[in-house]
Each structure stands twice: as C-alpha cells, then as structure tokens.
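Source file: protein-v9.csv (CSV, C-alpha atoms)
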chain,number,residue,atom,x,y,z
A,1045,MET,CA,226.4,76.2,103.3
A,1046,VAL,CA,224.6,73.1,104.6
A,1047,LYS,CA,225.1,70.4,102.0
A,1048,LEU,CA,223.0,67.8,103.7
A,1049,PRO,CA,219.2,67.6,103.8
A,1050,LEU,CA,218.5,69.5,107.0
A,1051,SER,CA,215.4,71.8,107.3
A,1052,ALA,CA,215.7,75.2,108.8
A,1053,GLU,CA,213.9,74.0,112.0
A,1054,GLN,CA,216.3,71.0,112.3
A,1055,GLN,CA,219.3,73.3,112.0
A,1056,THR,CA,217.9,75.6,114.6
A,1057,ALA,CA,217.3,72.7,117.0
A,1058,LEU,CA,220.7,71.2,116.3
A,1059,ARG,CA,222.5,74.6,116.8
A,1060,ALA,CA,220.9,74.9,120.2
A,1061,ARG,CA,221.8,71.5,121.3
A,1062,LEU,CA,225.3,71.4,119.8
A,1063,GLY,CA,226.2,74.9,121.1
A,1064,GLU,CA,226.8,73.5,124.6
A,1065,PRO,CA,230.4,74.3,125.5
A,1066,ALA,CA,231.0,70.9,127.0
A,1067,LEU,CA,230.4,69.3,123.6
A,1068,ARG,CA,233.1,71.4,122.0
A,1069,ARG,CA,235.5,70.2,124.6
A,1070,ASP,CA,234.4,66.6,125.0
A,1071,GLY,CA,233.1,65.7,121.5
A,1072,LEU,CA,229.8,64.0,120.7
A,1073,SER,CA,229.1,60.4,121.7
A,1074,SER,CA,227.2,58.1,119.4
A,1075,GLU,CA,224.4,58.0,122.0
A,1076,GLN,CA,224.2,61.8,122.1
A,1077,ALA,CA,224.1,61.9,118.3
A,1078,ARG,CA,221.4,59.2,118.1
A,1079,ARG,CA,219.3,61.1,120.6
A,1080,MET,CA,219.6,64.4,118.8
A,1081,ALA,CA,218.6,62.7,115.5
A,1082,ALA,CA,215.6,61.2,117.2
A,1083,GLU,CA,214.6,64.5,118.8
A,1084,THR,CA,215.0,66.7,115.8
A,1085,GLY,CA,214.1,64.2,113.0
A,1086,ALA,CA,217.4,64.9,111.3
A,1087,PRO,CA,219.3,62.1,109.7
A,1088,LEU,CA,222.2,60.8,111.9
A,1089,ARG,CA,224.8,61.8,109.2
A,1090,GLY,CA,223.2,65.2,109.2
A,1091,VAL,CA,223.7,65.5,112.9
A,1092,GLU,CA,227.3,64.5,112.6
A,1093,TRP,CA,227.9,66.9,109.8
A,1094,PHE,CA,226.3,69.8,111.6
A,1095,ALA,CA,228.3,69.0,114.8
A,1096,LEU,CA,231.6,69.1,112.8
A,1097,SER,CA,230.5,72.5,111.2
A,1098,MET,CA,230.2,73.8,114.8
A,1099,GLY,CA,233.6,72.5,115.9
A,1100,VAL,CA,232.1,69.4,117.7
A,1101,VAL,CA,233.8,66.2,116.8
A,1102,PRO,CA,231.8,62.9,117.0
A,1103,HIS,CA,233.8,60.5,119.1
A,1104,ARG,CA,233.7,57.9,116.3
A,1105,TYR,CA,235.7,60.1,114.0
A,1106,SER,CA,238.1,61.5,116.7
A,1107,ARG,CA,240.9,59.3,115.5
A,1108,SER,CA,240.3,60.2,111.8
A,1109,ILE,CA,240.2,64.0,112.2
A,1110,GLY,CA,244.0,64.3,112.5
A,1111,THR,CA,244.3,62.6,109.1
A,1112,VAL,CA,241.4,64.0,107.1
A,1113,GLY,CA,240.6,67.2,109.0
A,1114,ALA,CA,237.1,68.3,110.1
A,1115,GLU,CA,236.3,69.7,106.7
A,1116,GLY,CA,237.5,66.5,105.1
A,1117,GLN,CA,235.2,64.5,107.4
A,1118,MET,CA,232.3,66.8,106.5
A,1119,LYS,CA,233.1,66.2,102.8
A,1120,LEU,CA,233.1,62.4,103.4
A,1121,LEU,CA,229.7,62.6,105.1
A,1122,GLU,CA,228.4,64.5,102.0
A,1123,SER,CA,229.8,61.9,99.6
A,1124,ARG,CA,228.0,59.1,97.8
A,1125,VAL,CA,229.7,56.0,96.4
A,1126,LEU,CA,228.9,52.7,94.9
A,1127,VAL,CA,230.8,49.5,95.6
A,1128,VAL,CA,230.4,47.1,92.7
A,1129,GLY,CA,230.8,43.6,94.0
A,1130,LEU,CA,230.5,42.8,97.8
A,1131,GLY,CA,232.9,39.8,97.9
A,1132,GLY,CA,236.6,39.7,99.1
A,1133,LEU,CA,237.5,43.3,98.0
A,1134,GLY,CA,234.0,44.8,98.2
A,1135,GLY,CA,233.3,43.7,101.7
A,1136,HIS,CA,236.4,45.2,103.1
A,1137,VAL,CA,236.0,48.3,100.9
A,1138,ALA,CA,232.4,48.9,102.1
A,1139,GLU,CA,233.3,48.4,105.7
A,1140,MET,CA,236.2,50.8,105.6
A,1141,LEU,CA,234.1,53.4,103.8
A,1142,ALA,CA,231.4,53.1,106.6
A,1143,ARG,CA,234.0,53.4,109.3
A,1144,SER,CA,235.4,56.4,107.5
A,1145,GLY,CA,232.0,58.0,107.6
A,1146,VAL,CA,231.3,58.2,103.8
A,1147,GLY,CA,227.7,59.3,104.1
A,1148,ARG,CA,226.0,57.2,101.4
A,1149,VAL,CA,227.4,53.8,100.4
A,1150,ALA,CA,225.6,51.7,97.9
A,1151,GLY,CA,226.6,48.1,97.3
A,1152,CYS,CA,225.8,45.9,94.4
A,1153,ASP,CA,226.0,42.1,94.2
A,1154,ALA,CA,223.7,39.4,92.9
A,1155,ASP,CA,225.2,36.6,94.9
A,1156,VAL,CA,224.5,34.9,98.2
A,1157,VAL,CA,227.1,34.2,100.9
A,1158,GLU,CA,228.7,30.7,100.4
A,1159,GLU,CA,230.9,28.6,102.6
A,1160,ASN,CA,233.9,29.1,100.3
A,1161,ASN,CA,233.7,32.9,101.1
A,1162,LEU,CA,234.5,32.4,104.8
A,1163,ASN,CA,238.3,32.4,104.3
A,1164,ARG,CA,238.3,36.1,103.2
A,1165,GLN,CA,235.0,37.9,102.8
A,1166,THR,CA,234.3,40.1,105.8
A,1167,PHE,CA,230.5,39.9,105.5
A,1168,SER,CA,230.5,36.1,105.4
A,1169,THR,CA,229.9,34.3,108.7
A,1170,LEU,CA,228.2,31.1,109.6
A,1171,ALA,CA,225.1,33.1,110.3
A,1172,SER,CA,225.0,34.8,106.9
A,1173,LEU,CA,225.4,31.6,104.8
A,1174,GLY,CA,222.8,31.6,102.1
A,1175,GLU,CA,221.9,35.2,102.6
A,1176,PRO,CA,222.2,37.8,99.8
A,1177,LYS,CA,225.5,39.6,100.2
A,1178,THR,CA,223.7,42.9,100.1
A,1179,GLN,CA,221.6,41.9,103.1
A,1180,ALA,CA,224.7,40.8,105.1
A,1181,ALA,CA,226.4,44.1,104.1
A,1182,ARG,CA,223.4,46.1,105.3
A,1183,ARG,CA,223.4,44.5,108.7
A,1184,ARG,CA,227.1,44.8,109.2
A,1185,LEU,CA,227.3,48.4,108.1
A,1186,ALA,CA,224.4,49.3,110.4
A,1187,GLU,CA,226.3,47.7,113.3
A,1188,VAL,CA,229.5,49.6,112.4
A,1189,ASN,CA,228.1,53.0,111.6
A,1190,PRO,CA,224.4,53.7,111.6
A,1191,ALA,CA,225.0,57.2,110.3
A,1192,VAL,CA,225.9,55.7,106.9
A,1193,GLU,CA,223.0,55.3,104.6
A,1194,PHE,CA,223.3,52.0,102.8
A,1195,GLU,CA,221.5,51.1,99.6
A,1196,GLY,CA,221.7,47.5,98.4
A,1197,PHE,CA,221.3,46.4,94.8
A,1198,THR,CA,220.8,42.6,94.6
A,1199,CYS,CA,221.6,42.4,90.9
A,1200,GLY,CA,224.3,42.8,88.4
A,1201,PHE,CA,225.6,46.4,88.0
A,1202,GLN,CA,224.3,46.3,84.5
A,1203,ASP,CA,220.8,46.6,86.0
A,1204,ILE,CA,221.6,49.6,88.1
A,1205,PRO,CA,219.9,52.7,86.5
A,1206,GLU,CA,222.2,55.3,85.0
A,1207,GLU,CA,220.9,58.0,87.3
A,1208,VAL,CA,222.2,56.0,90.3
A,1209,LEU,CA,225.6,55.9,88.8
A,1210,SER,CA,225.7,59.5,87.8
A,1211,ALA,CA,224.5,60.5,91.3
A,1212,CYS,CA,227.6,58.9,92.8
A,1213,ASP,CA,230.9,60.8,93.3
A,1214,LEU,CA,232.9,57.7,92.9
A,1215,LEU,CA,232.6,53.9,92.2
A,1216,PHE,CA,234.7,51.0,93.3
A,1217,ASP,CA,235.5,48.1,91.0
A,1218,CYS,CA,235.4,45.0,93.2
A,1219,LEU,CA,234.3,42.6,90.5
A,1220,ASP,CA,235.8,39.2,89.7
A,1221,SER,CA,235.6,39.0,85.9
A,1222,VAL,CA,237.4,41.0,83.2
A,1223,PRO,CA,234.4,41.4,80.8
A,1224,ALA,CA,232.3,42.8,83.7
A,1225,ARG,CA,235.2,45.2,84.7
A,1226,LEU,CA,235.5,46.5,81.1
A,1227,GLU,CA,231.7,47.0,81.0
A,1228,LEU,CA,231.9,48.9,84.3
A,1229,GLU,CA,234.7,51.1,83.0
A,1230,THR,CA,232.6,52.0,79.9
A,1231,ARG,CA,229.6,52.9,82.1
A,1232,CYS,CA,231.7,55.0,84.4
A,1233,ALA,CA,233.2,56.8,81.5
A,1234,SER,CA,229.7,57.5,80.0
A,1235,VAL,CA,228.6,59.2,83.2
A,1236,GLY,CA,232.0,60.8,83.8
A,1237,ARG,CA,232.7,59.3,87.2
A,1238,PRO,CA,236.1,58.0,88.4
A,1239,LEU,CA,236.4,54.3,89.3
A,1240,ILE,CA,238.8,52.8,91.8
A,1241,HIS,CA,240.0,49.5,90.4
A,1242,GLY,CA,241.3,46.6,92.4
A,1243,ALA,CA,242.0,43.0,91.4
A,1244,ILE,CA,243.6,40.1,93.3
A,1245,GLY,CA,244.9,36.6,92.8
A,1246,GLY,CA,246.8,34.5,95.3
A,1247,TRP,CA,249.7,36.6,96.7
A,1248,TYR,CA,249.3,39.2,94.0
A,1249,GLY,CA,247.1,42.2,93.4
A,1250,GLN,CA,246.8,45.6,91.6
A,1251,VAL,CA,245.0,48.8,92.3
A,1252,GLY,CA,244.5,52.0,90.3
A,1253,VAL,CA,242.3,55.1,89.7
A,1254,VAL,CA,240.5,54.8,86.4
A,1255,TRP,CA,239.7,58.4,85.3
A,1256,PRO,CA,236.8,58.7,82.8
A,1257,GLY,CA,238.2,58.3,79.2
A,1258,SER,CA,241.5,56.8,80.3
A,1259,ASN,CA,240.5,53.3,79.3
A,1260,LEU,CA,243.0,52.1,81.9
A,1261,LEU,CA,241.2,48.7,82.4
A,1262,SER,CA,241.0,48.0,78.6
A,1263,ARG,CA,244.7,48.5,78.5
A,1264,ILE,CA,245.7,46.3,81.4
A,1265,CYS,CA,243.2,43.5,81.6
A,1266,GLY,CA,244.4,41.4,78.7
A,1267,GLN,CA,242.0,39.3,76.7
A,1268,GLY,CA,241.3,36.5,79.1
A,1269,GLY,CA,238.1,36.3,81.1
A,1270,ARG,CA,239.9,35.7,84.4
A,1271,GLY,CA,243.5,35.7,85.6
A,1272,ILE,CA,245.9,33.9,87.9
A,1273,GLU,CA,243.2,33.7,90.6
A,1274,ARG,CA,241.8,30.8,88.6
A,1275,GLU,CA,244.7,28.7,89.8
A,1276,LEU,CA,245.7,30.5,93.0
A,1277,GLY,CA,242.3,31.4,94.5
A,1278,ASN,CA,242.4,34.2,97.0
A,1279,PRO,CA,243.7,33.9,100.6
A,1280,SER,CA,242.5,36.0,103.6
A,1281,PHE,CA,245.1,38.8,103.5
A,1282,THR,CA,245.3,39.8,99.8
A,1283,PRO,CA,241.8,41.3,99.5
A,1284,ALA,CA,242.4,43.2,102.8
A,1285,VAL,CA,245.6,44.7,101.5
A,1286,ALA,CA,244.1,45.6,98.1
A,1287,ALA,CA,241.0,47.0,99.7
A,1288,GLY,CA,243.0,49.3,102.0
A,1289,LEU,CA,244.9,50.6,99.0
A,1290,MET,CA,241.7,51.1,97.1
A,1291,VAL,CA,240.0,53.0,100.0
A,1292,SER,CA,243.0,55.2,100.5
A,1293,ARG,CA,242.8,56.2,96.9
A,1294,GLY,CA,239.1,56.6,97.1
A,1295,ILE,CA,239.3,58.9,100.1
A,1296,ARG,CA,242.0,61.0,98.3
A,1297,VAL,CA,239.7,61.3,95.2
A,1298,LEU,CA,236.7,62.3,97.4
A,1299,LEU,CA,238.8,64.9,99.2
A,1300,GLY,CA,240.4,66.3,96.0
A,1301,LEU,CA,243.9,65.2,97.0
A,1302,VAL,CA,244.6,63.5,93.7
A,1303,GLN,CA,245.5,65.1,90.4
A,1304,PRO,CA,242.7,64.0,88.1
A,1305,GLY,CA,243.6,62.3,84.9
A,1306,ARG,CA,247.0,60.8,85.8
A,1307,ALA,CA,246.8,57.1,85.2
A,1308,SER,CA,248.9,54.8,87.3
A,1309,LEU,CA,248.6,51.3,88.5
A,1310,GLN,CA,250.2,49.9,91.7
A,1311,VAL,CA,251.1,46.2,91.4
A,1312,PHE,CA,252.0,44.2,94.5
A,1313,ASP,CA,253.5,40.9,95.3
A,1314,LEU,CA,253.1,39.8,98.9
A,1315,LEU,CA,255.2,36.7,98.4
A,1316,ASN,CA,258.3,38.7,97.7
A,1317,ASP,CA,257.4,42.0,99.3
A,1318,GLU,CA,257.5,43.9,95.9
A,1319,TRP,CA,255.6,47.0,95.1
A,1320,GLU,CA,255.7,48.5,91.6
A,1321,THR,CA,254.1,51.7,90.3
A,1322,LEU,CA,253.4,51.6,86.6
A,1323,GLU,CA,252.8,54.9,84.9
A,1324,LEU,CA,250.3,54.1,82.1
B,1268,MET,CA,284.2,40.9,68.9
B,1269,SER,CA,282.5,38.6,66.3
B,1270,ALA,CA,280.0,39.8,63.8
B,1271,GLY,CA,277.3,37.7,65.5
B,1272,GLN,CA,277.7,39.6,68.8
B,1273,GLU,CA,277.6,42.9,67.1
B,1274,GLN,CA,274.2,42.0,65.6
B,1275,SER,CA,272.7,41.0,68.9
B,1276,VAL,CA,270.8,43.1,71.5
B,1277,ALA,CA,271.0,42.6,75.2
B,1278,VAL,CA,267.6,43.1,76.9
B,1279,GLU,CA,266.8,42.9,80.6
B,1280,VAL,CA,263.6,40.8,80.9
B,1281,ARG,CA,261.7,41.2,84.2
B,1282,LEU,CA,259.0,38.8,85.1
B,1283,PHE,CA,256.3,39.3,87.7
B,1284,ALA,CA,254.1,37.1,89.9
B,1285,THR,CA,253.3,33.6,88.4
B,1286,LEU,CA,255.3,34.3,85.2
B,1287,ARG,CA,258.4,33.7,87.3
B,1288,ALA,CA,257.5,30.1,88.2
B,1289,GLY,CA,260.2,27.9,86.7
B,1290,ARG,CA,261.9,30.9,85.0
B,1291,PHE,CA,263.5,33.9,86.8
B,1292,LYS,CA,262.8,37.3,88.3
B,1293,SER,CA,265.1,39.3,86.1
B,1294,GLN,CA,267.7,38.2,83.5
B,1295,VAL,CA,269.6,39.9,80.6
B,1296,LEU,CA,268.9,37.9,77.4
B,1297,ASP,CA,270.9,38.2,74.2
B,1298,LEU,CA,268.6,38.4,71.3
B,1299,PRO,CA,269.2,38.8,67.5
B,1300,ALA,CA,269.1,42.3,66.2
B,1301,GLY,CA,265.6,43.1,65.1
B,1302,ALA,CA,264.0,40.9,67.8
B,1303,ILE,CA,260.5,41.8,69.0
B,1304,ALA,CA,258.9,41.3,72.4
B,1305,GLY,CA,257.0,38.3,71.0
B,1306,ASP,CA,260.3,36.5,70.4
B,1307,VAL,CA,261.1,36.7,74.2
B,1308,LEU,CA,257.7,35.2,75.0
B,1309,ALA,CA,258.3,32.4,72.5
B,1310,ARG,CA,261.8,31.7,73.9
B,1311,LEU,CA,260.5,31.6,77.5
B,1312,GLY,CA,257.4,29.5,76.6
B,1313,ILE,CA,254.9,32.2,77.7
B,1314,ALA,CA,251.7,32.2,75.8
B,1315,PRO,CA,250.6,35.7,74.7
B,1316,ASP,CA,247.3,35.4,76.6
B,1317,GLU,CA,249.2,34.8,79.8
B,1318,VAL,CA,250.5,38.4,79.6
B,1319,ALA,CA,248.1,41.3,80.5
B,1320,ILE,CA,250.7,44.1,80.8
B,1321,LEU,CA,253.8,44.4,78.6
B,1322,LEU,CA,256.1,47.3,79.2
B,1323,ILE,CA,259.1,48.2,77.2
B,1324,ASN,CA,261.4,50.6,79.0
B,1325,GLY,CA,258.4,51.3,81.3
B,1326,LYS,CA,256.1,52.2,78.5
B,1327,GLU,CA,253.1,50.2,77.3
B,1328,GLY,CA,253.8,48.0,74.4
B,1329,ASP,CA,252.8,44.8,72.8
B,1330,ALA,CA,254.3,41.6,71.4
B,1331,SER,CA,255.1,43.2,68.0
B,1332,CYS,CA,257.2,46.0,69.5
B,1333,PRO,CA,260.9,45.9,68.7
B,1334,LEU,CA,263.5,45.6,71.4
B,1335,ARG,CA,266.6,47.8,71.6
B,1336,ASP,CA,270.0,47.0,73.1
B,1337,GLY,CA,270.1,47.9,76.8
B,1338,GLY,CA,266.3,48.1,77.1
B,1339,THR,CA,264.0,46.5,79.6
B,1340,LEU,CA,261.0,44.3,78.9
B,1341,SER,CA,258.6,43.8,81.9
B,1342,LEU,CA,255.8,41.2,81.8
B,1343,PHE,CA,252.8,41.0,84.1
B,1344,PRO,CA,250.1,38.3,84.2
B,1345,GLY,CA,246.4,39.0,84.2
B,1346,VAL,CA,244.9,39.4,87.7
B,1347,GLY,CA,241.2,39.5,87.9
B,1348,GLY,CA,239.9,38.2,91.2
B,1349,GLY,CA,237.8,40.2,93.6

Mind turning this structure into structure tokens?
Amino acid sequence: MVKLPLSAEQQTALRARLGEPALRRDGLSSEQARRMAAETGAPLRGVEWFALSMGVVPHRYSRSIGTVGAEGQMKLLESRVLVVGLGGLGGHVAEMLARSGVGRVAGCDADVVEENNLNRQTFSTLASLGEPKTQAARRRLAEVNPAVEFEGFTCGFQDIPEEVLSACDLLFDCLDSVPARLELETRCASVGRPLIHGAIGGWYGQVGVVWPGSNLLSRICGQGGRGIERELGNPSFTPAVAAGLMVSRGIRVLLGLVQPGRASLQVFDLLNDEWETLEL
Amino acid sequence: MSAGQEQSVAVEVRLFATLRAGRFKSQVLDLPAGAIAGDVLARLGIAPDEVAILLINGKEGDASCPLRDGGTLSLFPGVGGG
C-alpha cells in the first residue's frame, strides 16, 4: 500500500524509472531523486519512499538502513512530528530528524536567534542573528534534506491548532519552562499523542517518553518555574547529548520498538559520568 | 546496644547534580525512628522546592513519606532548560 500522496500516473512513471537494474545495485543519488521528482511531479519524499519499496536505497539513507531497515526508513518517511521549541534541544532534534528522513517535521518557536544562542543552538549563526528561529530552521533543514517537508510555526505552541497536534504521530518537548511543559503534556494527552521529553541544565539533563495519561511531567517537574539551568546556563554539549537520546527514543516510538505506556526517565550527569534510569 | 540506637533508622541518602554541592554523593544517615523524608531535607539544608524528584527505595514519594531502616532516599533537583 502506498502511504504517501502519489497519483497512479506518478507511481507508473516512478516504477518505470526506478526499475532500472543499475539502481537496485548502486542506489539512488540525491540528484537522480531530485530529477525524478521534477519529471514526475511527485514530492521528493514520495520518490524516496517509492524507491525503497522497490528495493532501491537512496544514497543519503544508505548508512541508516542497517540500523532501521528499509521498511523502517519507509515508516520514517511517512511520519509526521512536531518539535516544540527550536533552541538548544529543538535545533539538534529537528536536524537529526531531518537527517533520519522523518518525512514531515514541524517546528514551533516564537523567538528570534540571539547572540547568546551561539554557544549551543545549531540553527544559530552570525548570519541568522535576529532571524526567527523557524526561518533559520527551514533554511538549514532544506540544506540538509530537501525531501523533508518542514512547517514552521512562529508562535507559542498554545496557538497551534488542535488538528495539527492530532495529525502528528509524535511530539518533542524542547521547551525551557516548566509551566509550558506541563501545558504541552496536557495538550498531548488530550489528542492522545506521545511526547518525547528532554530538559537540560549545566552538566545535567533528563529525557523520557511521556505516554498520554501518564502525567510523567507533572510528577517530575516540581513546582518551580525553572530549574538548575537558571544558575548553570547550558553549555554546547549537554543539549546535543540530550537531543540524541530524545531522537533515539522518538525513532523507536515511530518504528513501534517501544512498549507503550511504560514510564521511565533517564537522568544524566556529564560531570561525573553517571546515568540513572528511574522507573516512574 | 543502647535504647537510643534501637530507636534510630539508618537510611542511605543519595544526592544528584547540584544538590551534592557542599554535601555528598551518598551517605548513610542515622535518623530517629519515625523520621520522614522532609526531616532529611531539613537536616541537609535543602529547601523543598529545590527537589523535583524524591524517590524512596526507587519509588516516587514526597517529603511526608516515612523512612524505614535500611532504605534509600534519592533526591534530584529540577532541570528545565531547553
């Protein structure tokens, strides 16, 4: 079954082009995929998906296939996610999702890029200072993987319509305030979507999968508006570590490799090399 | 063994991240029988709102939970940055 929007004509045209034996052997280059999309009018992620369904591996995923499999890669191309917050965590998360070939990535952030972001936020560069983070994200993701359809929301997630949330398979909590995280948890529960939580401060961080109804965040966030990051700030490496742990969990959820409903939180301390799993 | 010792409980207290500063990573504290988690916070000078996750023997608890001899109390600060 073709799960991407491809017309019967596009499928016929792609089948003819992708049926060439050399492609099965050599894989599909980005340039070949781009040309097929232009010639058939199919979306690029549709071309990649169709190629995989015919045993043709796009070069850009050739190092991922051994890990997620061709079927897993197709599932990722079909998936739709929302990254809430495009700062330290959200930038790395969104870029990893794009490199992974998650087909539709939406990003939400009301802020512009500031100079104090440069130490850690992957979308912040001298050229992007003053630019909305959603715009910087759109440019970067298009450079990295044009097959990924990016949708930017330059607003608080509170203003994102419910139908957008419920159309997502999964959301990522990359926010920086406890009240906002708790509100996001409530919204995800109301649309029945899992949420990948990540939070950092200094050398420390935590990640977990928030299943709808688990109220994990309400139970672990304490009462304060913020945490130890108020004093410690956030260095370059902690968001990257947390983001990697978040995306690995997100990919597992998208591929159905995680038992739903089991709540656990991983807490890490990069100063002392300590990793704790809390069963909550 | 004195009566006082019989009435005390030994609890391993484990502190994480910034809660260790000026304190310790892990230490066994002798507390009076009937002590609750909040007594440990008070003894260590940790304000209740500095603790986001409080586990007793690995299970979620709060400052009012009683502590048993040989048990473990783990305290984690709030982490909220993104």

As a PDB file with C-alpha atoms, in the coordinates of the input, could you give me every residue of chain A near chain B (at most 6 Å apart, counting all atoms listed in the file)?
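This went into out_16.pdb:
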ATOM      1  CA  GLY A1132     236.600  39.700  99.100  1.00  0.00           C
ATOM      2  CA  LEU A1133     237.500  43.300  98.000  1.00  0.00           C
ATOM      3  CA  CYS A1218     235.400  45.000  93.200  1.00  0.00           C
ATOM      4  CA  LEU A1219     234.300  42.600  90.500  1.00  0.00           C
ATOM      5  CA  ASP A1220     235.800  39.200  89.700  1.00  0.00           C
ATOM      6  CA  SER A1221     235.600  39.000  85.900  1.00  0.00           C
ATOM      7  CA  ALA A1243     242.000  43.000  91.400  1.00  0.00           C
ATOM      8  CA  ILE A1244     243.600  40.100  93.300  1.00  0.00           C
ATOM      9  CA  GLY A1245     244.900  36.600  92.800  1.00  0.00           C
ATOM     10  CA  ILE A1264     245.700  46.300  81.400  1.00  0.00           C
ATOM     11  CA  CYS A1265     243.200  43.500  81.600  1.00  0.00           C
ATOM     12  CA  GLY A1266     244.400  41.400  78.700  1.00  0.00           C
ATOM     13  CA  ARG A1270     239.900  35.700  84.400  1.00  0.00           C
ATOM     14  CA  GLY A1271     243.500  35.700  85.600  1.00  0.00           C
ATOM     15  CA  ILE A1272     245.900  33.900  87.900  1.00  0.00           C
ATOM     16  CA  GLU A1273     243.200  33.700  90.600  1.00  0.00           C
TER      17      GLU A1273
END

**OP:** Around the point (221.0, 54.0, 114.9), in the coordinates given by the file, pick out the residues reaching within 8 Å, counting all atoms listed in the file, and return them as a ChimeraX atom specification.
**Re:** /A:1078,1088,1186,1189-1191

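Between atom CA of A:Ala1180 and atom CA of A:Val1235 the interatomic distance comes to 28.9 Å.
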
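Using only C-alpha atoms for every distance, the candidate list B:Leu1340, B:Ala1300, B:Ala1330, B:Leu1311 yields B:Leu1340 as the residue closest to B:Val1278.
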
Original post:
In Å, how far is it from atom CA of A:Gly1257 to atom CA of A:Leu1226?
Top reply: 12.3 Å

Original post:
Using all atoms listed in the file, what residues lie at most 10 Å away from (263.0, 34.7, 91.0) (file coordinates), given as a ChimeraX atom specification?
Top reply: /A:1316 /B:1281-1284,1286-1294

Keeping C-alpha atoms, export the residues of the selection given above as a compact mmCIF listing (two decimals), keeping the file's coordinate frame.
# COMPACT_ATOMS: atom_id res chain seq x y z
CA ASN A 1316 258.30 38.70 97.70
CA ARG B 1281 261.70 41.20 84.20
CA LEU B 1282 259.00 38.80 85.10
CA PHE B 1283 256.30 39.30 87.70
CA ALA B 1284 254.10 37.10 89.90
CA LEU B 1286 255.30 34.30 85.20
CA ARG B 1287 258.40 33.70 87.30
CA ALA B 1288 257.50 30.10 88.20
CA GLY B 1289 260.20 27.90 86.70
CA ARG B 1290 261.90 30.90 85.00
CA PHE B 1291 263.50 33.90 86.80
CA LYS B 1292 262.80 37.30 88.30
CA SER B 1293 265.10 39.30 86.10
CA GLN B 1294 267.70 38.20 83.50

**OP:** Between atom CA of A:Ser1262 and atom CA of A:Val1127, measure the distance and give it in Å to one decimal.
**Re:**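 That distance, rounded to one decimal, is 19.9 Å.
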
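Minimum distance to A:Leu1261 across A:Leu1324, A:Ala1287, A:Val1192, A:Ala1211 (counting only C-alpha atoms) occurs at A:Leu1324.
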
Which centre and which edge lengths, in Å to one decimal, describe the axis-aligned box that holds all listed atoms of stretch 1046-1058 of chain A after 4 Å is added on each side, as lines of an AutoDock Vina configuration file?
center_x = 219.5
center_y = 71.6
center_z = 109.5
size_x = 19.2
size_y = 16.0
size_z = 23.0

**OP:** Could you give me, as a list of chain:residue names, the residues within 10 Å of B:Ser1275, counting all atoms listed in the file and dropping anything in the same chain fewer than 6 positions from it?
**Re:** B:Leu1296, B:Asp1297, B:Leu1298, B:Pro1299, B:Ala1300, B:Gly1301, B:Ala1302, B:Arg1335, B:Asp1336

Contacts of A:Ala1066 at 12 Å or less, counting only C-alpha atoms, minus same-chain residues fewer than 6 places along, as a CSV table (one decimal) with C-alpha atoms, in the frame of the given file?
chain,number,residue,atom,x,y,z
A,1072,LEU,CA,229.8,64.0,120.7
A,1073,SER,CA,229.1,60.4,121.7
A,1099,GLY,CA,233.6,72.5,115.9
A,1100,VAL,CA,232.1,69.4,117.7
A,1101,VAL,CA,233.8,66.2,116.8

Subject >> Nearest candidate to A:Lys1119 (options A:Glu1320, A:Glu1064, A:Asp1213, A:Glu1229; using all atoms listed in the file) >> reply: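 Smallest separation from A:Lys1119 among the options: A:Asp1213.
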
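Residues in contact with A:Glu1159 at up to 12 Å, not including ones fewer than 4 positions away on its chain and judged by only C-alpha atoms, are Asn1163, Arg1164, Gln1165, Phe1167, Ser1168, Thr1169, Leu1170, Ala1171, Ser1172, Leu1173, Gly1174 and Glu1175 of chain A.
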
Original post:
If we count all atoms listed in the file, what is near A:Arg1237 at a cut-off of 12 Å, once residues fewer than 3 positions away on the same chain are taken out, given as a ChimeraX atom specification?
Top reply: /A:1124-1126,1206-1216,1228-1234,1240,1253-1258,1297-1298,1304-1305
